[in-house]
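Next comes protein-v7.cif, a file with mmCIF, C-alpha atoms.
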```cif
data_input
loop_
_atom_site.label_atom_id
_atom_site.label_comp_id
_atom_site.auth_asym_id
_atom_site.auth_seq_id
_atom_site.Cartn_x
_atom_site.Cartn_y
_atom_site.Cartn_z
CA MET A 866 -18.15 -55.82 13.94
CA ASN A 867 -14.66 -56.89 12.88
CA GLY A 868 -11.57 -55.33 14.36
CA VAL A 869 -10.03 -54.52 17.73
CA GLU A 870 -9.40 -51.48 19.89
CA LEU A 871 -7.48 -48.75 18.11
CA ASN A 872 -4.55 -48.84 20.54
CA ALA A 873 -3.85 -52.53 19.95
CA ARG A 874 -2.37 -54.51 17.10
CA PRO A 875 -2.83 -58.20 17.71
CA ALA A 876 -0.33 -60.84 16.69
CA GLY A 877 -1.80 -62.85 13.86
CA GLY A 878 -4.02 -60.06 12.59
CA LEU A 879 -4.60 -59.43 8.89
CA LEU A 880 -2.89 -56.43 7.31
CA VAL A 881 -5.05 -54.99 4.52
CA ALA A 882 -4.05 -52.73 1.65
CA THR A 883 -5.62 -51.52 -1.57
CA THR A 884 -5.21 -48.75 -4.11
CA ASP A 885 -7.17 -45.68 -5.14
CA PHE A 886 -8.36 -46.91 -8.52
CA GLY A 887 -12.08 -46.46 -8.81
CA TRP A 888 -14.41 -48.32 -6.50
CA GLY A 889 -13.60 -51.81 -7.67
CA SER A 890 -10.49 -52.38 -5.56
CA VAL A 891 -11.92 -51.29 -2.24
CA GLY A 892 -15.23 -52.92 -3.19
CA LYS A 893 -13.50 -56.28 -3.52
CA LEU A 894 -11.66 -55.65 -0.27
CA ARG A 895 -14.91 -55.15 1.64
CA LEU A 896 -16.54 -58.26 0.10
CA ILE A 897 -13.61 -60.42 1.20
CA LEU A 898 -13.64 -58.84 4.66
CA ASP A 899 -17.36 -59.62 4.92
CA GLU A 900 -16.31 -63.30 4.79
CA LEU A 901 -13.69 -62.91 7.53
CA ASP A 902 -15.65 -62.42 10.74
CA GLY A 903 -13.44 -62.83 13.77
CA VAL A 904 -10.21 -61.83 12.01
CA ASP A 905 -8.52 -58.72 13.41
CA LEU A 906 -7.87 -56.13 10.70
CA VAL A 907 -4.78 -53.93 10.56
CA VAL A 908 -4.80 -51.08 8.06
CA ASP A 909 -1.65 -50.52 6.02
CA GLY A 910 -0.57 -47.00 6.93
CA ALA A 911 1.59 -46.61 3.83
CA SER A 912 -1.32 -46.92 1.36
CA ASP A 913 -4.62 -45.16 0.67
CA THR A 914 -6.57 -47.92 2.42
CA ALA A 915 -7.78 -46.05 5.51
CA ARG A 916 -9.30 -43.16 3.53
CA LEU A 917 -10.85 -45.44 0.95
CA ALA A 918 -12.31 -47.74 3.58
CA ALA A 919 -13.97 -44.82 5.30
CA GLN A 920 -15.46 -43.60 2.00
CA VAL A 921 -16.71 -46.85 0.51
CA ILE A 922 -16.93 -49.51 3.20
CA GLY A 923 -18.62 -47.35 5.79
CA GLY A 924 -18.77 -48.44 9.44
CA ARG A 925 -19.16 -52.18 8.93
CA HIS A 926 -15.48 -52.92 9.58
CA ARG A 927 -13.12 -51.28 12.03
CA PHE A 928 -9.43 -51.16 11.40
CA VAL A 929 -6.30 -50.66 13.47
CA HIS A 930 -4.19 -47.81 12.08
CA GLY A 931 -0.43 -47.43 12.08
CA ALA A 932 2.54 -49.74 11.96
CA GLY A 933 3.42 -50.21 15.63
CA GLY A 934 2.92 -53.30 17.75
CA ALA A 935 3.06 -56.97 16.87
CA SER A 936 3.57 -58.10 13.29
CA PRO A 937 0.46 -59.23 11.39
CA GLY A 938 0.13 -62.89 10.56
CA ALA A 939 -0.60 -62.25 6.87
CA ALA A 940 -1.70 -59.52 4.46
CA LEU A 941 -4.51 -59.09 1.95
CA VAL A 942 -3.58 -56.73 -0.88
CA VAL A 943 -6.00 -55.84 -3.68
CA ASN A 944 -4.77 -54.42 -7.00
CA ASP A 945 -1.72 -52.71 -5.46
CA PRO A 946 1.46 -54.47 -6.68
CA ALA A 947 3.89 -52.02 -5.09
CA SER A 948 2.32 -52.46 -1.64
CA ALA A 949 2.22 -56.25 -2.11
CA ASP A 950 5.95 -56.44 -2.83
CA ARG A 951 6.81 -53.99 -0.03
CA ILE A 952 4.80 -55.96 2.54
CA ALA A 953 6.04 -59.36 1.34
CA ARG A 954 9.67 -58.24 1.51
CA SER A 955 9.13 -57.20 5.13
CA GLY A 956 8.47 -60.86 5.91
CA THR A 957 4.65 -60.89 5.96
CA PRO A 958 2.95 -63.49 3.73
CA VAL A 959 0.75 -61.75 1.13
CA VAL A 960 -2.47 -62.97 -0.45
CA TYR A 961 -2.78 -60.80 -3.56
CA VAL A 962 -6.03 -60.21 -5.46
CA ASP A 963 -5.90 -59.10 -9.09
CA SER A 964 -9.29 -58.24 -10.56
CA LEU A 965 -7.95 -57.28 -14.01
CA PRO A 966 -5.44 -59.95 -15.09
CA TYR A 967 -6.22 -59.30 -18.77
CA LEU A 968 -5.02 -55.70 -18.44
CA TRP A 969 -1.34 -55.97 -17.61
CA THR A 970 1.42 -55.82 -20.22
CA VAL A 971 4.57 -54.79 -18.26
CA ASP A 972 6.30 -56.40 -15.27
CA ALA A 973 5.84 -53.44 -12.92
CA GLU A 974 2.04 -53.88 -13.07
CA VAL A 975 2.06 -57.15 -11.10
CA PRO A 976 3.79 -58.12 -7.83
CA VAL A 977 6.62 -60.63 -7.87
CA ALA A 978 6.78 -61.49 -4.15
CA ALA A 979 3.15 -62.39 -3.33
CA THR A 980 2.74 -65.67 -1.44
CA VAL A 981 -0.57 -66.48 -3.15
CA TYR A 982 -1.63 -64.72 -6.38
CA CYS A 983 -5.44 -64.78 -6.84
CA ALA A 984 -6.65 -63.64 -10.26
CA GLN A 985 -10.32 -63.09 -10.96
CA ARG A 986 -11.80 -65.07 -13.84
CA SER A 987 -13.27 -63.18 -16.77
CA LEU A 988 -14.58 -63.78 -20.28
CA ALA A 989 -11.29 -62.64 -21.78
CA ARG A 990 -10.10 -65.29 -24.21
CA GLU A 991 -6.44 -64.93 -23.27
CA LEU A 992 -3.94 -62.78 -21.45
CA PRO A 993 -1.81 -60.25 -23.38
CA PRO A 994 0.77 -62.24 -25.44
CA ALA A 995 3.80 -60.63 -23.82
CA GLY A 996 2.11 -59.87 -20.49
CA PRO A 997 3.78 -60.65 -17.16
CA LEU A 998 1.14 -63.24 -16.19
CA ARG A 999 1.40 -65.23 -19.40
CA GLY A 1000 2.74 -68.63 -18.44
CA ARG A 1001 3.10 -67.75 -14.75
CA ALA A 1002 2.48 -70.99 -12.88
CA ASP A 1003 1.56 -69.63 -9.44
CA VAL A 1004 -1.65 -67.82 -10.47
CA ARG A 1005 -4.71 -69.18 -8.66
CA TRP A 1006 -7.92 -68.37 -10.55
CA VAL A 1007 -10.95 -67.45 -8.48
CA GLU A 1008 -14.56 -66.70 -9.35
CA PRO A 1009 -15.76 -63.08 -9.57
CA ILE A 1010 -15.71 -61.25 -6.24
CA VAL A 1011 -19.27 -59.93 -6.05
CA PRO A 1012 -22.04 -59.90 -3.43
CA PRO A 1013 -24.01 -63.14 -3.12
CA PRO A 1014 -26.97 -63.12 -5.56
CA ARG A 1015 -30.17 -61.81 -4.05
CA ARG A 1016 -33.67 -61.32 -5.36
CA ARG A 1017 -34.00 -57.90 -6.98
CA THR A 1018 -37.21 -56.06 -6.10
CA GLY A 1019 -36.98 -53.24 -8.66
CA GLY A 1020 -39.51 -50.44 -8.86
CA ALA A 1021 -37.27 -47.52 -7.92
CA GLY A 1022 -36.22 -46.45 -11.42
CA ALA A 1023 -32.82 -46.13 -13.07
CA VAL A 1024 -29.48 -45.87 -11.31
CA ILE A 1025 -26.70 -43.93 -13.04
CA ASN A 1026 -23.19 -44.75 -11.88
CA VAL A 1027 -19.75 -43.36 -12.73
CA GLY A 1028 -17.92 -44.91 -9.76
CA GLY A 1029 -14.57 -43.50 -8.65
CA LEU A 1030 -14.47 -40.79 -11.28
CA HIS A 1031 -11.94 -38.75 -9.31
CA SER A 1032 -9.30 -41.45 -9.46
CA HIS A 1033 -9.51 -42.00 -13.22
CA LEU A 1034 -9.96 -38.73 -15.03
CA VAL A 1035 -7.50 -35.94 -14.33
CA GLY A 1036 -7.44 -32.22 -15.00
CA GLY A 1037 -10.43 -31.08 -17.05
CA ALA A 1038 -11.24 -34.59 -18.27
CA SER A 1039 -13.52 -35.32 -15.32
CA ASP A 1040 -15.70 -32.25 -15.90
CA ALA A 1041 -15.67 -32.89 -19.65
CA TYR A 1042 -16.90 -36.46 -19.13
CA LEU A 1043 -19.70 -35.32 -16.84
CA ARG A 1044 -20.88 -32.61 -19.22
CA ALA A 1045 -20.79 -34.90 -22.27
CA VAL A 1046 -22.20 -38.07 -20.68
CA VAL A 1047 -23.88 -37.75 -17.28
CA VAL A 1048 -25.69 -34.42 -17.56
CA PRO A 1049 -27.25 -35.16 -21.00
CA LEU A 1050 -28.14 -38.70 -19.93
CA VAL A 1051 -30.05 -37.37 -16.93
CA GLY A 1052 -31.79 -34.90 -19.24
CA ALA A 1053 -32.75 -37.59 -21.74
CA LEU A 1054 -34.18 -39.85 -19.01
CA ARG A 1055 -36.15 -36.98 -17.50
CA ARG A 1056 -37.58 -35.88 -20.84
CA GLY A 1057 -38.47 -39.47 -21.63
CA GLY A 1058 -40.46 -39.77 -18.43
CA ARG A 1059 -38.05 -42.30 -16.91
CA ARG A 1060 -37.74 -42.34 -13.15
CA ILE A 1061 -34.22 -41.88 -11.73
CA ALA A 1062 -33.42 -43.45 -8.36
CA ALA A 1063 -29.82 -42.28 -7.91
CA VAL A 1064 -26.82 -40.75 -9.65
CA CYS A 1065 -23.82 -42.41 -8.00
CA GLY A 1066 -20.13 -41.64 -8.03
CA ASN A 1067 -17.48 -39.36 -6.62
CA LEU A 1068 -19.07 -36.35 -8.28
CA PRO A 1069 -17.64 -32.84 -7.86
CA PRO A 1070 -19.80 -30.19 -6.14
CA TRP A 1071 -20.80 -28.37 -9.32
CA VAL A 1072 -22.49 -31.37 -10.92
CA ARG A 1073 -24.14 -32.42 -7.66
CA THR A 1074 -25.65 -28.96 -7.39
CA GLU A 1075 -26.68 -28.90 -11.05
CA LEU A 1076 -28.33 -32.32 -10.94
CA ALA A 1077 -30.03 -31.74 -7.60
CA ALA A 1078 -31.73 -28.71 -9.15
CA VAL A 1079 -33.39 -30.78 -11.91
CA LEU A 1080 -34.06 -34.06 -10.10
CA PRO A 1081 -36.97 -34.70 -7.72
CA ARG A 1082 -36.36 -34.41 -4.01
CA GLY A 1083 -35.09 -37.65 -2.53
CA VAL A 1084 -32.96 -38.75 -5.48
CA ARG A 1085 -29.48 -39.58 -4.19
CA VAL A 1086 -26.71 -37.70 -5.98
CA GLY A 1087 -23.08 -38.42 -5.12
CA PRO A 1088 -21.08 -41.22 -3.53
CA LEU A 1089 -22.73 -44.16 -1.79
CA CYS A 1090 -20.93 -46.57 0.48
CA ALA A 1091 -20.73 -50.12 -0.87
CA TYR A 1092 -23.69 -51.37 1.13
CA GLU A 1093 -25.87 -48.43 0.04
CA PHE A 1094 -24.92 -49.00 -3.60
CA GLU A 1095 -25.75 -52.69 -3.33
CA ALA A 1096 -29.17 -51.80 -1.90
CA ALA A 1097 -29.73 -49.26 -4.69
CA LEU A 1098 -29.10 -51.92 -7.35
CA LEU A 1099 -31.54 -54.30 -5.68
CA ARG A 1100 -34.27 -51.66 -5.96
CA ALA A 1101 -33.32 -50.49 -9.47
CA ASP A 1102 -35.13 -51.21 -12.73
CA ALA A 1103 -32.08 -50.46 -14.88
CA LEU A 1104 -28.45 -49.43 -14.52
CA PHE A 1105 -26.55 -46.94 -16.65
CA THR A 1106 -22.88 -47.30 -15.69
CA SER A 1107 -19.37 -46.64 -16.81
CA PRO A 1108 -17.97 -50.13 -17.45
CA GLY A 1109 -16.08 -50.97 -14.27
CA SER A 1110 -15.75 -54.74 -13.88
CA THR A 1111 -17.02 -54.87 -10.28
CA THR A 1112 -20.25 -53.06 -11.12
CA ILE A 1113 -20.75 -55.07 -14.33
CA LEU A 1114 -20.38 -58.39 -12.51
CA GLN A 1115 -22.60 -57.25 -9.66
CA ALA A 1116 -25.35 -56.17 -12.07
CA ALA A 1117 -25.08 -59.46 -13.96
CA SER A 1118 -25.46 -61.46 -10.75
CA LEU A 1119 -28.72 -59.59 -10.09
CA GLY A 1120 -30.05 -59.90 -13.64
CA LEU A 1121 -30.26 -56.10 -13.75
CA PRO A 1122 -30.67 -54.64 -17.29
CA THR A 1123 -27.54 -52.58 -17.84
CA VAL A 1124 -26.35 -49.95 -20.31
CA LEU A 1125 -22.58 -49.47 -20.53
CA LEU A 1126 -21.64 -45.80 -20.85
CA PRO A 1127 -18.50 -44.55 -22.63
CA PRO A 1128 -15.40 -45.77 -20.73
CA GLN A 1129 -13.20 -43.62 -18.53
CA ASN A 1130 -9.94 -45.59 -18.81
CA LEU A 1131 -8.19 -48.60 -20.37
CA SER A 1132 -9.72 -51.26 -18.13
CA GLN A 1133 -13.20 -49.94 -18.89
CA ILE A 1134 -12.50 -49.97 -22.64
CA LEU A 1135 -11.58 -53.65 -22.33
CA ASN A 1136 -14.43 -54.42 -19.93
CA ALA A 1137 -17.01 -53.09 -22.39
CA GLU A 1138 -15.58 -55.38 -25.08
CA ILE A 1139 -15.10 -58.45 -22.86
CA PHE A 1140 -18.32 -58.29 -20.83
CA GLY A 1141 -20.60 -56.29 -23.10
CA ALA A 1142 -23.13 -57.34 -25.72
CA PRO A 1143 -22.19 -55.20 -28.76
CA GLY A 1144 -25.06 -53.62 -30.63
CA ARG A 1145 -27.32 -53.63 -27.58
CA GLY A 1146 -26.85 -51.52 -24.49
CA VAL A 1147 -23.24 -50.54 -25.09
CA ILE A 1148 -22.48 -46.89 -25.90
CA PRO A 1149 -18.92 -46.51 -27.21
CA TRP A 1150 -17.02 -43.30 -27.73
CA PRO A 1151 -17.20 -41.80 -31.22
CA GLU A 1152 -14.02 -42.55 -33.17
CA SER A 1153 -13.19 -38.85 -33.04
CA VAL A 1154 -12.69 -39.19 -29.26
CA ILE A 1155 -10.86 -42.53 -28.81
CA ASP A 1156 -8.90 -44.22 -31.60
CA ARG A 1157 -9.18 -47.90 -30.63
CA GLU A 1158 -6.29 -48.97 -32.86
CA LEU A 1159 -4.02 -46.42 -31.21
CA VAL A 1160 -4.99 -47.83 -27.81
CA ASP A 1161 -3.73 -51.25 -28.92
CA THR A 1162 -0.54 -49.68 -30.25
CA LEU A 1163 0.15 -48.06 -26.86
CA ARG A 1164 -0.71 -51.08 -24.70
CA PRO A 1165 2.72 -52.77 -24.81
CA GLU A 1166 4.10 -49.63 -23.12
CA GLY A 1167 1.87 -50.26 -20.10
CA GLU A 1168 -1.40 -48.95 -18.73
CA ASP A 1169 -0.06 -45.48 -17.89
CA ALA A 1170 0.80 -44.82 -21.53
CA VAL A 1171 -2.78 -45.60 -22.56
CA LEU A 1172 -4.29 -43.59 -19.70
CA GLY A 1173 -2.36 -40.49 -20.70
CA TYR A 1174 -3.85 -40.73 -24.18
CA VAL A 1175 -7.40 -41.52 -23.00
CA TYR A 1176 -7.49 -38.74 -20.40
CA ARG A 1177 -6.14 -36.19 -22.86
CA ARG A 1178 -8.61 -37.12 -25.57
CA ILE A 1179 -11.62 -37.03 -23.26
CA GLY A 1180 -10.56 -33.63 -21.96
CA GLU A 1181 -9.97 -32.27 -25.46
CA ARG A 1182 -12.78 -33.81 -27.47
CA CYS A 1183 -15.76 -33.89 -25.10
CA GLY A 1184 -16.12 -30.14 -25.42
CA ASP A 1185 -16.71 -30.48 -29.16
CA PRO A 1186 -20.39 -29.69 -29.90
CA ALA A 1187 -20.47 -32.44 -32.55
CA VAL A 1188 -19.32 -35.06 -30.03
CA ARG A 1189 -21.84 -33.93 -27.44
CA ALA A 1190 -24.62 -33.87 -30.00
CA LEU A 1191 -23.82 -37.42 -31.13
CA LEU A 1192 -23.80 -38.75 -27.56
CA ALA A 1193 -26.99 -36.89 -26.71
CA GLU A 1194 -28.70 -38.43 -29.74
CA ARG A 1195 -27.62 -41.91 -28.67
CA PHE A 1196 -29.12 -41.27 -25.22
CA ARG A 1197 -32.37 -39.97 -26.73
CA ALA A 1198 -32.66 -43.00 -29.01
CA LEU A 1199 -32.12 -45.33 -26.08
CA VAL A 1200 -34.73 -43.64 -23.93
CA ALA A 1201 -37.21 -43.46 -26.82
CA LEU A 1202 -37.40 -47.23 -27.26
CA PRO A 1203 -41.06 -48.34 -27.12
CA THR A 1204 -40.52 -50.70 -24.18
CA ALA A 1205 -40.17 -49.59 -20.58
CA ALA A 1206 -37.07 -51.77 -20.24
CA VAL A 1207 -33.63 -50.81 -21.50
CA PRO A 1208 -31.70 -53.29 -23.68
CA ASP A 1209 -29.30 -55.29 -21.54
CA GLY A 1210 -25.77 -54.55 -22.67
CA LEU A 1211 -24.17 -57.41 -20.71
CA SER A 1212 -23.10 -60.72 -22.15
CA PRO A 1213 -25.36 -63.60 -21.04
CA ARG A 1214 -22.18 -65.65 -20.58
CA LEU A 1215 -21.31 -63.67 -17.44
CA ARG A 1216 -23.33 -66.11 -15.36
CA GLU A 1217 -20.90 -68.86 -16.33
CA LEU A 1218 -18.17 -67.24 -14.23
CA GLY A 1219 -19.78 -67.82 -10.82
CA HIS A 1220 -19.89 -65.47 -7.86
CA GLY A 1221 -17.96 -67.15 -5.06
CA GLY A 1222 -14.62 -65.37 -5.32
CA ALA A 1223 -14.84 -63.52 -1.99
CA ARG A 1224 -15.40 -66.74 -0.08
CA GLN A 1225 -12.63 -68.51 -2.00
CA VAL A 1226 -10.11 -65.78 -1.19
CA ALA A 1227 -11.26 -65.70 2.45
CA ARG A 1228 -10.58 -69.44 2.74
CA ILE A 1229 -7.07 -68.92 1.35
CA ILE A 1230 -6.47 -66.14 3.88
CA ARG A 1231 -7.63 -68.28 6.81
CA ARG A 1232 -5.37 -71.12 5.69
CA THR A 1233 -2.45 -68.69 5.38
CA LEU A 1234 -3.08 -67.29 8.87
CA ARG A 1235 -3.29 -70.80 10.36
CA SER A 1236 -0.10 -71.86 8.61
CA CYS A 1237 1.76 -68.80 9.88
CA ALA A 1238 0.49 -69.34 13.42
CA ALA A 1239 1.60 -72.99 13.32
CA ARG A 1240 5.08 -71.99 12.17
CA GLY A 1241 5.20 -69.43 14.96
CA ARG A 1242 4.35 -72.03 17.59
CA ARG A 1243 7.01 -74.40 16.25
CA GLY A 1244 9.52 -71.57 16.24
#
```
Structure translated into structure tokens:
Amino acid sequence: MNGVELNARPAGGLLVATTDFGWGSVGKLRLILDELDGVDLVVDGASDTARLAAQVIGGRHRFVHGAGGASPGAALVVNDPASADRIARSGTPVVYVDSLPYLWTVDAEVPVAATVYCAQRSLARELPPAGPLRGRADVRWVEPIVPPPRRRTGGAGAVINVGGLHSHLVGGASDAYLRAVVVPLVGALRRGGRRIAAVCGNLPPWVRTELAAVLPRGVRVGPLCAYEFEAALLRADALFTSPGSTTILQAASLGLPTVLLPPQNLSQILNAEIFGAPGRGVIPWPESVIDRELVDTLRPEGEDAVLGYVYRRIGERCGDPAVRALLAERFRALVALPTAAVPDGLSPRLRELGHGGARQVARIIRRTLRSCAARGRRG
């Protein structure tokens, strides 16, 4: 197990920080940490990292909490620009990981003080024209940060995943999404005789209770730690998921047939377009819910401007019987296909991207730690 005793903070340890944005950020954090055996881990007490690590990483890694003791040798920050700049300005070298470089359109969305800026490759043709990364010379492109490919056994049925729902949809939008998408999808699969292995995500108590009442005993409903989710995908026959990039890339590495559900936020809207195979297993929102042209109009104002619109529209429109009926019909048509397999909604080009990003970032971190230690000895 990584880590040290809780009352110690070793010189030369690695400070780690991430943000509460779905499961992708902390998922990438754990994959990089899996490549860093022997490195002492110090949790950043000023971020959400400790809580997120406990929820998603499980007991595989142990962290030191708090800010006392010796200074860390370097920091790993995932998708949290404010923490990256704060830590870097305190004098700690920062290796920054950006899993969504095609998303950002305003300067505040990326750090300026990171020592090494690692951006994950994608199928996006280009970065936003006026985006803060356009023309930035210090960006180091890495392969997707996903688990190493393994042989998928299958046989367990379908996995439904909505990831970190709590951190995306606010107010009534979360419940509206679940009632318009997840509950009818489970119903369509059940009526179609399809086996369901798990319904994954940070689901509120009401939907966990409701689904548990209609699903067979033994079907997992609710959050899984990263290692449990990885095991569930290995046993799955198909995946129905909201289009988070981490889950999409992980499914592609396994060759798992995947249906992309209506997106929860801006990054998922773009992910479905960048990584999806239109006309196959991609289920978009009806135009009456999300106006795609308006999304593009709002993007130059930054992600928060788009999220406000998306959250509001999901909360307002998903209660419309016509919207629910249209989505339910799309689920029924999908389940009614004559083959036992679902159409794969992922682009076959995803395999071109590779899967070695976690190891690449880990090598950069080790080099940064060694460089800092050498400077310390000379000093």
Next item on the list: Quote the spacing between atom CA of A:Ser987 and atom CA of A:Arg1145 in Å to one decimal place.
Entry: 20.1 Å
Notebook entry, point to check: Between atom CA of A:Ala1053 and atom CA of A:Ala1023, what is the spacing in Å?
Noted result: 12.2 Å
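In terms of minimum interatomic distance to A:Ala1142, A:Ser1212 ranks closest within A:Thr1106, A:Ser1212, A:Ser1118, A:Ser955, counting only C-alpha atoms.
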Next item on the list: Expand the PyMOL selection byres ((chain A and resi 1100) around 8) into the individual residues it matches in the shown file, reporting them as number ranges by chain.
Entry: A: 1017-1022, 1096-1099, 1101-1102
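The closest residue to A:Val962, picked from A:Pro1213, A:Gly1109, A:Gly1222, A:Pro1127 and counting all atoms listed in the file, is A:Gly1222.
Residue nearest A:Asp963, chosen from A:Ala1038, A:Leu1159, A:Leu1202, A:Val1226 and counting only C-alpha atoms: A:Val1226.
The gap separating atom CA of A:Glu1217 from atom CA of A:Trp1150 is 28.3 Å, in Å to one decimal.
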Next item on the list: I would like the residues chosen by the PyMOL selection byres ((chain A and resi 1041) around 12) on the shown file; could you give them as a ChimeraX atom specification?
Entry: /A:1030,1034-1040,1042-1049,1069,1072,1129,1154,1176-1186,1188-1189
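Selection result for the displayed file, with the PyMOL selection byres ((chain A and resi 879) around 7) as criterion, is Gly877, Gly878, Leu880, Val881, Val904, Asp905, Leu906, Val907, Pro937, Gly938, Ala939, Ala940 and Leu941 of chain A.
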Next item on the list: Select all residues near (2.4, -55.8, -3.2) (cut-off 10 Å, inclusive, file coordinates), counting all atoms listed in the file, and output them as a PyMOL selection string.
Entry: chain A and resi 882-883+940-954+959-962+975-979
Check: So which one's closest to A:Pro1165, A:Ala995, A:Ile1025, A:Leu896, A:Ala984? Using all atoms listed in the file, please.
Finding: A:Ala995
Check: Which of these, A:Phe1105, A:Phe886, A:Tyr967, A:Tyr1092, has the shortest distance to A:Ala1063 once you count only C-alpha atoms?
Finding: A:Phe1105
Skipping near chain neighbours, those fewer than 4 positions away, what residues fall within 9 Å of A:Pro1151 using all atoms listed in the file, listed as a PDB file with C-alpha atoms, keeping the file's coordinate frame?
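Generated file (result12.pdb):
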```pdb
ATOM      1  CA  ILE A1155     -10.860 -42.530 -28.810  1.00  0.00           C
ATOM      2  CA  ASP A1156      -8.900 -44.220 -31.600  1.00  0.00           C
ATOM      3  CA  VAL A1188     -19.320 -35.060 -30.030  1.00  0.00           C
ATOM      4  CA  LEU A1191     -23.820 -37.420 -31.130  1.00  0.00           C
ATOM      5  CA  LEU A1192     -23.800 -38.750 -27.560  1.00  0.00           C
TER       6      LEU A1192
END
```
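Using all atoms listed in the file, the smallest distance between any of A:Leu1119, A:Ala1002, A:Ala1227, A:Ala1201 and A:Tyr982 comes from A:Ala1002.
Residues within 9 Å of A:Leu1076, counting only C-alpha atoms and excluding same-chain residues fewer than 4 positions away, are Val1048, Val1051, Val1064, Trp1071, Val1072, Leu1080 and Val1086 of chain A.
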Convert the current residue selection to file output with C-alpha atoms, as a JSON list (two decimals), keeping the file's coordinate frame.
```json
[["chain", "number", "residue", "atom", "x", "y", "z"],
["A", 1048, "VAL", "CA", -25.69, -34.42, -17.56],
["A", 1051, "VAL", "CA", -30.05, -37.37, -16.93],
["A", 1064, "VAL", "CA", -26.82, -40.75, -9.65],
["A", 1071, "TRP", "CA", -20.80, -28.37, -9.32],
["A", 1072, "VAL", "CA", -22.49, -31.37, -10.92],
["A", 1080, "LEU", "CA", -34.06, -34.06, -10.10],
["A", 1086, "VAL", "CA", -26.71, -37.70, -5.98]]
```
Next item on the list: For A:Arg999, please output as a PyMOL selection string all residues within 12 Å (counting all atoms listed in the file; exclusion window: fewer than 6 positions along the same chain).
Entry: chain A and resi 966-972+975+991-993
Keeping only C-alpha atoms, write the selected residues to a file as a PDB file, keeping the file's coordinate frame.
```pdb
ATOM      1  CA  PRO A 966      -5.440 -59.950 -15.090  1.00  0.00           C
ATOM      2  CA  TYR A 967      -6.220 -59.300 -18.770  1.00  0.00           C
ATOM      3  CA  LEU A 968      -5.020 -55.700 -18.440  1.00  0.00           C
ATOM      4  CA  TRP A 969      -1.340 -55.970 -17.610  1.00  0.00           C
ATOM      5  CA  THR A 970       1.420 -55.820 -20.220  1.00  0.00           C
ATOM      6  CA  VAL A 971       4.570 -54.790 -18.260  1.00  0.00           C
ATOM      7  CA  ASP A 972       6.300 -56.400 -15.270  1.00  0.00           C
ATOM      8  CA  VAL A 975       2.060 -57.150 -11.100  1.00  0.00           C
ATOM      9  CA  GLU A 991      -6.440 -64.930 -23.270  1.00  0.00           C
ATOM     10  CA  LEU A 992      -3.940 -62.780 -21.450  1.00  0.00           C
ATOM     11  CA  PRO A 993      -1.810 -60.250 -23.380  1.00  0.00           C
TER      12      PRO A 993
END
```
Next item on the list: Please work out which residues fall within 10 Å of (-33.8, -51.8, -21.9), coordinates as given in the file, with all atoms listed in the file counting, and return them as a ChimeraX atom specification.
Entry: /A:1102-1104,1121-1124,1145-1146,1199-1200,1202-1210
